[in-house]
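So this block is protein35.csv, CSV, N, CA and C atoms and all ligand atoms:
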chain,number,residue,atom,x,y,z
A,1,MET,N,94.9,136.3,130.9
A,1,MET,CA,93.7,135.9,130.1
A,1,MET,C,93.9,136.3,128.6
A,2,LYS,N,94.3,137.5,128.4
A,2,LYS,CA,94.6,138.0,127.1
A,2,LYS,C,95.7,137.2,126.4
A,3,THR,N,96.7,136.9,127.2
A,3,THR,CA,97.8,136.2,126.6
A,3,THR,C,97.4,134.8,126.2
A,4,GLN,N,96.5,134.2,127.0
A,4,GLN,CA,96.0,132.8,126.6
A,4,GLN,C,95.2,132.9,125.3
A,5,ILE,N,94.4,133.9,125.1
A,5,ILE,CA,93.6,134.0,123.9
A,5,ILE,C,94.5,134.2,122.7
A,6,VAL,N,95.5,135.0,122.8
A,6,VAL,CA,96.5,135.2,121.7
A,6,VAL,C,97.2,133.9,121.4
A,7,PHE,N,97.6,133.2,122.4
A,7,PHE,CA,98.3,131.9,122.3
A,7,PHE,C,97.4,130.9,121.5
A,8,LEU,N,96.1,130.9,121.9
A,8,LEU,CA,95.1,130.0,121.3
A,8,LEU,C,95.0,130.3,119.8
A,9,PHE,N,94.9,131.6,119.6
A,9,PHE,CA,94.7,132.1,118.2
A,9,PHE,C,95.9,131.6,117.3
A,10,ILE,N,97.1,131.7,117.9
A,10,ILE,CA,98.3,131.3,117.1
A,10,ILE,C,98.3,129.8,116.9
A,11,VAL,N,97.9,129.0,117.9
A,11,VAL,CA,97.8,127.6,117.7
A,11,VAL,C,96.8,127.2,116.6
A,12,VAL,N,95.6,127.9,116.6
A,12,VAL,CA,94.6,127.6,115.6
A,12,VAL,C,95.2,127.9,114.2
A,13,ILE,N,95.8,129.1,114.1
A,13,ILE,CA,96.4,129.5,112.8
A,13,ILE,C,97.4,128.4,112.3
A,14,PHE,N,98.2,127.9,113.3
A,14,PHE,CA,99.3,127.0,113.0
A,14,PHE,C,98.6,125.7,112.4
A,15,PHE,N,97.6,125.2,113.0
A,15,PHE,CA,97.0,123.9,112.6
A,15,PHE,C,96.3,124.1,111.2
A,16,VAL,N,95.5,125.2,111.1
A,16,VAL,CA,94.8,125.4,109.9
A,16,VAL,C,95.8,125.6,108.7
A,17,GLY,N,96.8,126.4,109.0
A,17,GLY,CA,97.9,126.7,108.0
A,17,GLY,C,98.6,125.4,107.6
A,18,GLY,N,98.9,124.6,108.6
A,18,GLY,CA,99.6,123.3,108.3
A,18,GLY,C,98.8,122.4,107.5
A,19,LYS,N,97.5,122.3,107.7
A,19,LYS,CA,96.6,121.4,107.0
A,19,LYS,C,96.5,121.8,105.5
A,20,ALA,N,96.3,123.1,105.3
A,20,ALA,CA,96.2,123.6,104.0
A,20,ALA,C,97.5,123.3,103.2
A,21,GLU,N,98.6,123.5,103.8
A,21,GLU,CA,99.9,123.3,103.1
A,21,GLU,C,100.0,121.9,102.7
A,22,ALA,N,99.6,120.9,103.6
A,22,ALA,CA,99.8,119.5,103.4
A,22,ALA,C,98.9,119.1,102.2
A,23,GLU,N,97.7,119.7,102.1
A,23,GLU,CA,96.8,119.3,101.0
A,23,GLU,C,97.4,119.8,99.6
A,24,THR,N,98.0,121.0,99.6
A,24,THR,CA,98.5,121.5,98.4
A,24,THR,C,99.7,120.7,98.0
A,25,SER,N,100.6,120.3,98.9
A,25,SER,CA,101.8,119.6,98.5
A,25,SER,C,101.4,118.2,98.0
A,26,ASP,N,100.3,117.6,98.6
A,26,ASP,CA,99.9,116.3,98.1
A,26,ASP,C,99.5,116.4,96.6
A,27,GLN,N,98.9,117.5,96.2
A,27,GLN,CA,98.5,117.6,94.8
A,27,GLN,C,99.8,117.8,93.9
A,28,ASP,N,100.7,118.6,94.4
A,28,ASP,CA,101.9,118.8,93.6
A,28,ASP,C,102.8,117.6,93.5
A,29,HIS,N,102.9,116.9,94.6
A,29,HIS,CA,103.8,115.7,94.6
A,29,HIS,C,103.0,114.5,95.1
A,30,PRO,N,102.5,113.7,94.1
A,30,PRO,CA,101.7,112.5,94.5
A,30,PRO,C,102.5,111.6,95.4
A,31,VAL,N,101.8,110.9,96.3
A,31,VAL,CA,102.4,110.0,97.2
A,31,VAL,C,102.1,108.6,96.9
A,32,SER,N,103.1,107.7,96.8
A,32,SER,CA,102.9,106.3,96.6
A,32,SER,C,103.1,105.6,97.9
A,33,PHE,N,102.1,104.9,98.4
A,33,PHE,CA,102.1,104.1,99.6
A,33,PHE,C,102.3,102.7,99.4
A,34,PHE,N,103.2,102.0,100.1
A,34,PHE,CA,103.3,100.6,100.1
A,34,PHE,C,103.4,100.1,101.5
A,35,THR,N,102.9,98.9,101.8
A,35,THR,CA,103.0,98.3,103.1
A,35,THR,C,103.6,96.9,102.9
A,36,LEU,N,104.7,96.6,103.6
A,36,LEU,CA,105.3,95.3,103.6
A,36,LEU,C,105.3,94.7,105.0
A,37,LYS,N,105.1,93.4,105.1
A,37,LYS,CA,105.3,92.8,106.4
A,37,LYS,C,106.5,91.8,106.3
A,38,THR,N,107.1,91.5,107.5
A,38,THR,CA,108.2,90.6,107.5
A,38,THR,C,107.6,89.2,107.8
A,39,VAL,N,108.1,88.2,107.1
A,39,VAL,CA,107.6,86.9,107.2
A,39,VAL,C,108.8,85.9,107.4
A,40,MET,N,108.7,84.9,108.3
A,40,MET,CA,109.7,83.9,108.4
A,40,MET,C,109.0,82.6,107.9
A,41,GLU,N,109.6,82.0,106.9
A,41,GLU,CA,109.1,80.8,106.3
A,41,GLU,C,110.1,79.7,106.3
A,42,GLY,N,110.2,78.9,107.3
A,42,GLY,CA,111.3,77.9,107.5
A,42,GLY,C,112.6,78.7,107.6
A,43,GLU,N,113.6,78.4,106.8
A,43,GLU,CA,114.8,79.1,106.8
A,43,GLU,C,114.7,80.5,106.1
A,44,ARG,N,113.7,80.6,105.3
A,44,ARG,CA,113.6,81.9,104.5
A,44,ARG,C,113.1,83.1,105.3
A,45,ARG,N,113.6,84.2,104.9
A,45,ARG,CA,113.2,85.5,105.5
A,45,ARG,C,112.7,86.3,104.3
A,46,LEU,N,111.4,86.8,104.5
A,46,LEU,CA,110.8,87.4,103.3
A,46,LEU,C,110.1,88.7,103.7
A,47,PHE,N,109.9,89.6,102.7
A,47,PHE,CA,109.0,90.7,102.7
A,47,PHE,C,107.7,90.2,102.0
A,48,VAL,N,106.6,90.5,102.5
A,48,VAL,CA,105.3,90.2,101.8
A,48,VAL,C,104.5,91.4,101.8
A,49,GLY,N,103.9,91.7,100.6
A,49,GLY,CA,103.1,92.9,100.4
A,49,GLY,C,101.8,92.8,101.1
A,50,VAL,N,101.3,94.0,101.6
A,50,VAL,CA,100.0,94.0,102.3
A,50,VAL,C,99.2,95.1,101.6
A,51,GLY,N,98.0,94.7,101.1
A,51,GLY,CA,97.1,95.6,100.5
A,51,GLY,C,97.4,96.0,99.1
A,52,GLY,N,96.4,96.4,98.3
A,52,GLY,CA,96.6,96.9,97.0
A,52,GLY,C,97.1,95.8,96.0
A,53,LYS,N,97.8,96.2,95.0
A,53,LYS,CA,98.2,95.2,94.0
A,53,LYS,C,99.3,94.2,94.5
A,54,ILE,N,100.0,94.6,95.5
A,54,ILE,CA,101.1,93.8,96.0
A,54,ILE,C,100.6,92.8,97.2
A,55,ASP,N,99.3,92.8,97.4
A,55,ASP,CA,98.8,92.0,98.6
A,55,ASP,C,99.2,90.6,98.4
A,56,GLY,N,99.9,90.0,99.4
A,56,GLY,CA,100.3,88.6,99.4
A,56,GLY,C,101.5,88.3,98.6
A,57,VAL,N,102.0,89.3,97.8
A,57,VAL,CA,103.2,89.0,96.9
A,57,VAL,C,104.5,89.0,97.7
A,58,VAL,N,105.3,87.9,97.5
A,58,VAL,CA,106.6,87.8,98.2
A,58,VAL,C,107.6,88.7,97.5
A,59,ASN,N,108.3,89.5,98.3
A,59,ASN,CA,109.3,90.5,97.9
A,59,ASN,C,108.8,91.2,96.6
A,60,PRO,N,107.7,91.9,96.8
A,60,PRO,CA,107.0,92.5,95.6
A,60,PRO,C,107.9,93.6,94.9
A,61,THR,N,107.8,93.7,93.6
A,61,THR,CA,108.4,94.8,92.9
A,61,THR,C,107.5,96.0,93.1
A,62,LEU,N,108.1,97.1,93.5
A,62,LEU,CA,107.3,98.3,93.8
A,62,LEU,C,107.5,99.4,92.7
A,63,PRO,N,106.4,99.6,91.9
A,63,PRO,CA,106.5,100.6,90.8
A,63,PRO,C,106.2,102.0,91.3
A,64,VAL,N,107.1,102.9,91.1
A,64,VAL,CA,106.9,104.3,91.4
A,64,VAL,C,107.4,105.2,90.3
A,65,ARG,N,107.0,106.5,90.4
A,65,ARG,CA,107.5,107.5,89.4
A,65,ARG,C,108.5,108.4,90.1
A,66,ALA,N,109.5,108.7,89.3
A,66,ALA,CA,110.5,109.6,89.7
A,66,ALA,C,109.9,110.9,90.3
A,67,TRP,N,110.4,111.3,91.4
A,67,TRP,CA,110.1,112.5,92.1
A,67,TRP,C,108.8,112.5,92.8
A,68,ASP,N,108.1,111.4,92.8
A,68,ASP,CA,106.9,111.2,93.7
A,68,ASP,C,107.5,110.9,95.1
A,69,VAL,N,106.7,111.3,96.1
A,69,VAL,CA,107.0,110.9,97.4
A,69,VAL,C,106.6,109.4,97.6
A,70,VAL,N,107.5,108.6,98.2
A,70,VAL,CA,107.2,107.2,98.4
A,70,VAL,C,107.3,107.0,99.9
A,71,LYS,N,106.2,106.3,100.4
A,71,LYS,CA,106.2,105.9,101.8
A,71,LYS,C,106.0,104.4,101.9
A,72,ILE,N,107.0,103.8,102.5
A,72,ILE,CA,107.0,102.3,102.7
A,72,ILE,C,106.8,102.1,104.2
A,73,THR,N,105.7,101.4,104.5
A,73,THR,CA,105.4,101.0,105.9
A,73,THR,C,105.9,99.6,106.0
A,74,LEU,N,106.8,99.4,107.0
A,74,LEU,CA,107.3,98.0,107.3
A,74,LEU,C,106.6,97.5,108.6
A,75,ILE,N,105.9,96.4,108.6
A,75,ILE,CA,105.3,95.8,109.7
A,75,ILE,C,106.0,94.6,110.1
A,76,ASN,N,106.4,94.5,111.4
A,76,ASN,CA,107.0,93.3,111.9
A,76,ASN,C,105.9,92.2,112.2
A,77,ASP,N,106.0,91.1,111.5
A,77,ASP,CA,105.0,90.0,111.6
A,77,ASP,C,105.6,88.7,112.0
A,78,ASP,N,106.9,88.8,112.4
A,78,ASP,CA,107.6,87.5,112.8
A,78,ASP,C,108.4,87.6,114.1
A,79,GLY,N,108.5,88.8,114.6
A,79,GLY,CA,109.2,88.9,115.9
A,79,GLY,C,110.7,89.0,115.9
A,80,LEU,N,111.3,88.9,114.6
A,80,LEU,CA,112.7,89.1,114.5
A,80,LEU,C,113.0,90.5,114.2
A,81,ASN,N,114.3,90.9,114.4
A,81,ASN,CA,114.7,92.3,114.1
A,81,ASN,C,114.9,92.5,112.6
A,82,HIS,N,114.4,93.6,112.1
A,82,HIS,CA,114.6,93.9,110.7
A,82,HIS,C,114.7,95.4,110.5
A,83,HIS,N,115.4,95.7,109.4
A,83,HIS,CA,115.5,97.1,108.9
A,83,HIS,C,115.3,96.9,107.4
A,84,ILE,N,114.6,97.8,106.7
A,84,ILE,CA,114.6,97.8,105.3
A,84,ILE,C,115.5,99.0,104.8
A,85,THR,N,116.3,98.7,103.7
A,85,THR,CA,117.2,99.7,103.2
A,85,THR,C,117.1,99.8,101.7
A,86,LEU,N,117.4,101.0,101.2
A,86,LEU,CA,117.5,101.3,99.8
A,86,LEU,C,118.7,102.1,99.6
A,87,PRO,N,119.9,101.4,99.5
A,87,PRO,CA,121.1,102.1,99.4
A,87,PRO,C,121.2,103.1,98.3
A,88,SER,N,120.6,102.8,97.2
A,88,SER,CA,120.6,103.7,96.0
A,88,SER,C,120.0,105.1,96.3
A,89,PHE,N,119.2,105.1,97.3
A,89,PHE,CA,118.6,106.4,97.7
A,89,PHE,C,119.0,106.8,99.1
A,90,PHE,N,120.1,106.2,99.6
A,90,PHE,CA,120.7,106.6,100.9
A,90,PHE,C,119.6,106.6,102.0
A,91,ILE,N,118.8,105.5,102.0
A,91,ILE,CA,117.7,105.5,103.1
A,91,ILE,C,117.6,104.2,103.7
A,92,THR,N,117.5,104.2,105.0
A,92,THR,CA,117.3,103.0,105.8
A,92,THR,C,116.2,103.2,106.9
A,93,SER,N,115.3,102.3,107.0
A,93,SER,CA,114.3,102.5,108.0
A,93,SER,C,114.8,102.3,109.4
A,94,GLU,N,114.0,102.7,110.4
A,94,GLU,CA,114.3,102.3,111.8
A,94,GLU,C,114.1,100.8,111.9
A,95,GLU,N,114.6,100.3,113.0
A,95,GLU,CA,114.5,98.9,113.2
A,95,GLU,C,113.1,98.5,113.7
A,96,VAL,N,112.5,97.4,113.2
A,96,VAL,CA,111.3,96.9,113.9
A,96,VAL,C,111.7,95.6,114.5
A,97,SER,N,111.5,95.5,115.8
A,97,SER,CA,112.0,94.3,116.5
A,97,SER,C,110.9,93.5,117.2
A,98,GLU,N,109.8,94.1,117.5
A,98,GLU,CA,108.8,93.3,118.2
A,98,GLU,C,107.7,93.0,117.2
A,99,LYS,N,107.1,91.9,117.3
A,99,LYS,CA,105.9,91.5,116.5
A,99,LYS,C,104.8,92.6,116.7
A,100,GLY,N,104.3,93.1,115.5
A,100,GLY,CA,103.3,94.1,115.6
A,100,GLY,C,103.8,95.5,115.5
A,101,SER,N,105.1,95.7,115.7
A,101,SER,CA,105.6,97.1,115.6
A,101,SER,C,105.8,97.4,114.1
A,102,LYS,N,105.8,98.7,113.8
A,102,LYS,CA,106.0,99.2,112.5
A,102,LYS,C,106.7,100.5,112.4
A,103,THR,N,107.2,100.7,111.2
A,103,THR,CA,107.9,102.0,110.9
A,103,THR,C,107.6,102.4,109.5
A,104,VAL,N,107.7,103.7,109.3
A,104,VAL,CA,107.5,104.2,107.9
A,104,VAL,C,108.7,104.9,107.4
A,105,MET,N,109.1,104.5,106.2
A,105,MET,CA,110.3,105.1,105.5
A,105,MET,C,109.8,106.0,104.4
A,106,THR,N,110.2,107.2,104.4
A,106,THR,CA,109.7,108.2,103.4
A,106,THR,C,110.9,108.7,102.6
A,107,PHE,N,110.8,108.7,101.3
A,107,PHE,CA,111.9,109.2,100.5
A,107,PHE,C,111.4,109.6,99.1
A,108,VAL,N,112.2,110.3,98.3
A,108,VAL,CA,111.9,110.7,97.0
A,108,VAL,C,112.9,110.1,96.0
A,109,PRO,N,112.4,109.2,95.1
A,109,PRO,CA,113.3,108.5,94.2
A,109,PRO,C,113.7,109.6,93.1
A,110,PHE,N,114.9,109.9,93.0
A,110,PHE,CA,115.4,111.0,92.2
A,110,PHE,C,116.0,110.6,90.9
A,111,LYS,N,116.0,109.3,90.6
A,111,LYS,CA,116.5,108.8,89.4
A,111,LYS,C,115.7,107.6,88.9
A,112,THR,N,115.7,107.3,87.6
A,112,THR,CA,114.9,106.2,87.1
A,112,THR,C,115.8,104.9,87.1
A,113,GLY,N,115.1,103.8,87.0
A,113,GLY,CA,115.8,102.5,86.9
A,113,GLY,C,115.3,101.5,88.0
A,114,GLY,N,115.9,100.4,88.1
A,114,GLY,CA,115.5,99.4,89.1
A,114,GLY,C,116.6,99.4,90.2
A,115,TYR,N,116.1,99.4,91.4
A,115,TYR,CA,117.0,99.5,92.6
A,115,TYR,C,116.5,98.5,93.6
A,116,GLY,N,117.5,97.8,94.2
A,116,GLY,CA,117.2,96.8,95.2
A,116,GLY,C,116.8,97.4,96.5
A,117,TYR,N,115.9,96.7,97.2
A,117,TYR,CA,115.6,97.0,98.6
A,117,TYR,C,115.9,95.7,99.3
A,118,PHE,N,116.3,95.8,100.5
A,118,PHE,CA,116.6,94.5,101.3
A,118,PHE,C,116.7,94.8,102.8
A,119,CYS,N,116.8,93.7,103.5
A,119,CYS,CA,116.9,93.8,105.0
A,119,CYS,C,118.4,93.8,105.3
A,120,ILE,N,118.8,94.8,106.1
A,120,ILE,CA,120.3,94.9,106.4
A,120,ILE,C,120.7,93.9,107.5
A,121,LEU,N,119.8,93.3,108.2
A,121,LEU,CA,120.2,92.4,109.3
A,121,LEU,C,121.0,91.2,108.8
A,122,GLU,N,122.0,90.8,109.5
A,122,GLU,CA,122.9,89.7,109.2
A,122,GLU,C,122.2,88.6,108.6
A,123,GLY,N,122.6,88.3,107.3
A,123,GLY,CA,122.1,87.1,106.6
A,123,GLY,C,120.7,87.2,106.1
A,124,HIS,N,119.9,88.2,106.4
A,124,HIS,CA,118.5,88.2,106.0
A,124,HIS,C,118.4,88.3,104.5
A,125,ARG,N,119.3,89.1,103.9
A,125,ARG,CA,119.2,89.3,102.5
A,125,ARG,C,119.5,88.0,101.7
A,126,ALA,N,120.5,87.3,102.2
A,126,ALA,CA,120.9,86.0,101.6
A,126,ALA,C,119.8,85.0,101.8
A,127,LEU,N,119.0,85.1,102.8
A,127,LEU,CA,117.9,84.2,103.1
A,127,LEU,C,116.6,84.6,102.4
A,128,GLY,N,116.7,85.6,101.6
A,128,GLY,CA,115.5,85.9,100.7
A,128,GLY,C,114.9,87.3,100.8
A,129,MET,N,115.4,88.1,101.8
A,129,MET,CA,114.7,89.4,102.1
A,129,MET,C,115.2,90.5,101.1
A,130,GLU,N,114.8,90.4,99.9
A,130,GLU,CA,115.1,91.5,99.0
A,130,GLU,C,114.1,91.6,97.8
A,131,GLY,N,113.9,92.8,97.3
A,131,GLY,CA,113.0,93.0,96.2
A,131,GLY,C,113.5,94.2,95.4
A,132,LEU,N,112.6,94.7,94.5
A,132,LEU,CA,113.1,95.7,93.6
A,132,LEU,C,112.1,96.9,93.6
A,133,LEU,N,112.7,98.1,93.6
A,133,LEU,CA,111.9,99.3,93.4
A,133,LEU,C,112.2,99.7,92.0
A,134,VAL,N,111.1,99.9,91.2
A,134,VAL,CA,111.3,100.3,89.8
A,134,VAL,C,110.8,101.7,89.6
A,135,VAL,N,111.7,102.6,89.2
A,135,VAL,CA,111.3,104.0,89.1
A,135,VAL,C,111.2,104.4,87.6
A,136,SER,N,110.0,104.9,87.2
A,136,SER,CA,109.8,105.3,85.8
A,136,SER,C,109.7,106.8,85.7
A,137,HIS,N,109.7,107.3,84.5
A,137,HIS,CA,109.5,108.7,84.3
A,137,HIS,C,108.2,109.2,84.7
B,1,CU,CU,115.4,91.1,108.3
Represent the structure of the file as structure tokens.
Amino acid sequence: MKTQIVFLFIVVIFFVGGKAEAETSDQDHPVSFFTLKTVMEGERRLFVGVGGKIDGVVNPTLPVRAWDVVKITLINDDGLNHHITLPSFFITSEEVSEKGSKTVMTFVPFKTGGYGYFCILEGHRALGMEGLLVVSH
């Protein structure tokens, strides 16, 4: 019984501590969220922005600030396999293969400039699946 209470106490501390830490780090490092869905339009393969300023925009340019945390959610909306990749930041998402599935790619842009993002699946980039991440100071 005593062991269980001690365990419960540790669990409570863990959750309260974790939450406080997350809030602090959010203030120190702003997070930029973007959502993209995959779209098949005839022969073309596209990313289309979901929500915010990029809503409905094909292969939207994603503006971020250097050293902010960036989270890109990729939603599969066409039932084909896709990955999104940003080679300049050594990051590739998990694959989304079923319609309705999604994945989140998190990274920190550590240099300024314009960097391409695209789908690494065979031919998808050539068929239109690419856009730009613009990192400013
Ligand atoms: Cu693709």
Which of A:Val135, A:Leu86, A:Val31, A:Ile120 sits closest to ligand CU 1 (chain B) [using all atoms listed in the file]: A:Ile120
Nearest-residue call for ligand CU 1 (chain B), choices A:Phe90, A:Asp68, A:Ser101, A:Asn81, using all atoms listed in the file: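 Looking at the shortest contact to ligand CU 1 (chain B), the residue is A:Asn81.
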Neighbours of ligand CU 1 (chain B) at 6 Å or closer, counting only N, CA and C atoms and all ligand atoms: which residues, as a ChimeraX atom specification? /A:81-83,119-121,124
Counting only N, CA and C atoms, the residue among A:Thr112, A:Val70, A:Met105, A:Glu43 that lies closest to Leu127 of chain A is A:Glu43
Nearest-residue call for Phe110 of chain A, choices A:Pro63, A:His137, A:Leu80, A:Thr35, using only C-alpha atoms: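 Ranked by minimum distance to Phe110 of chain A, first place goes to A:His137.
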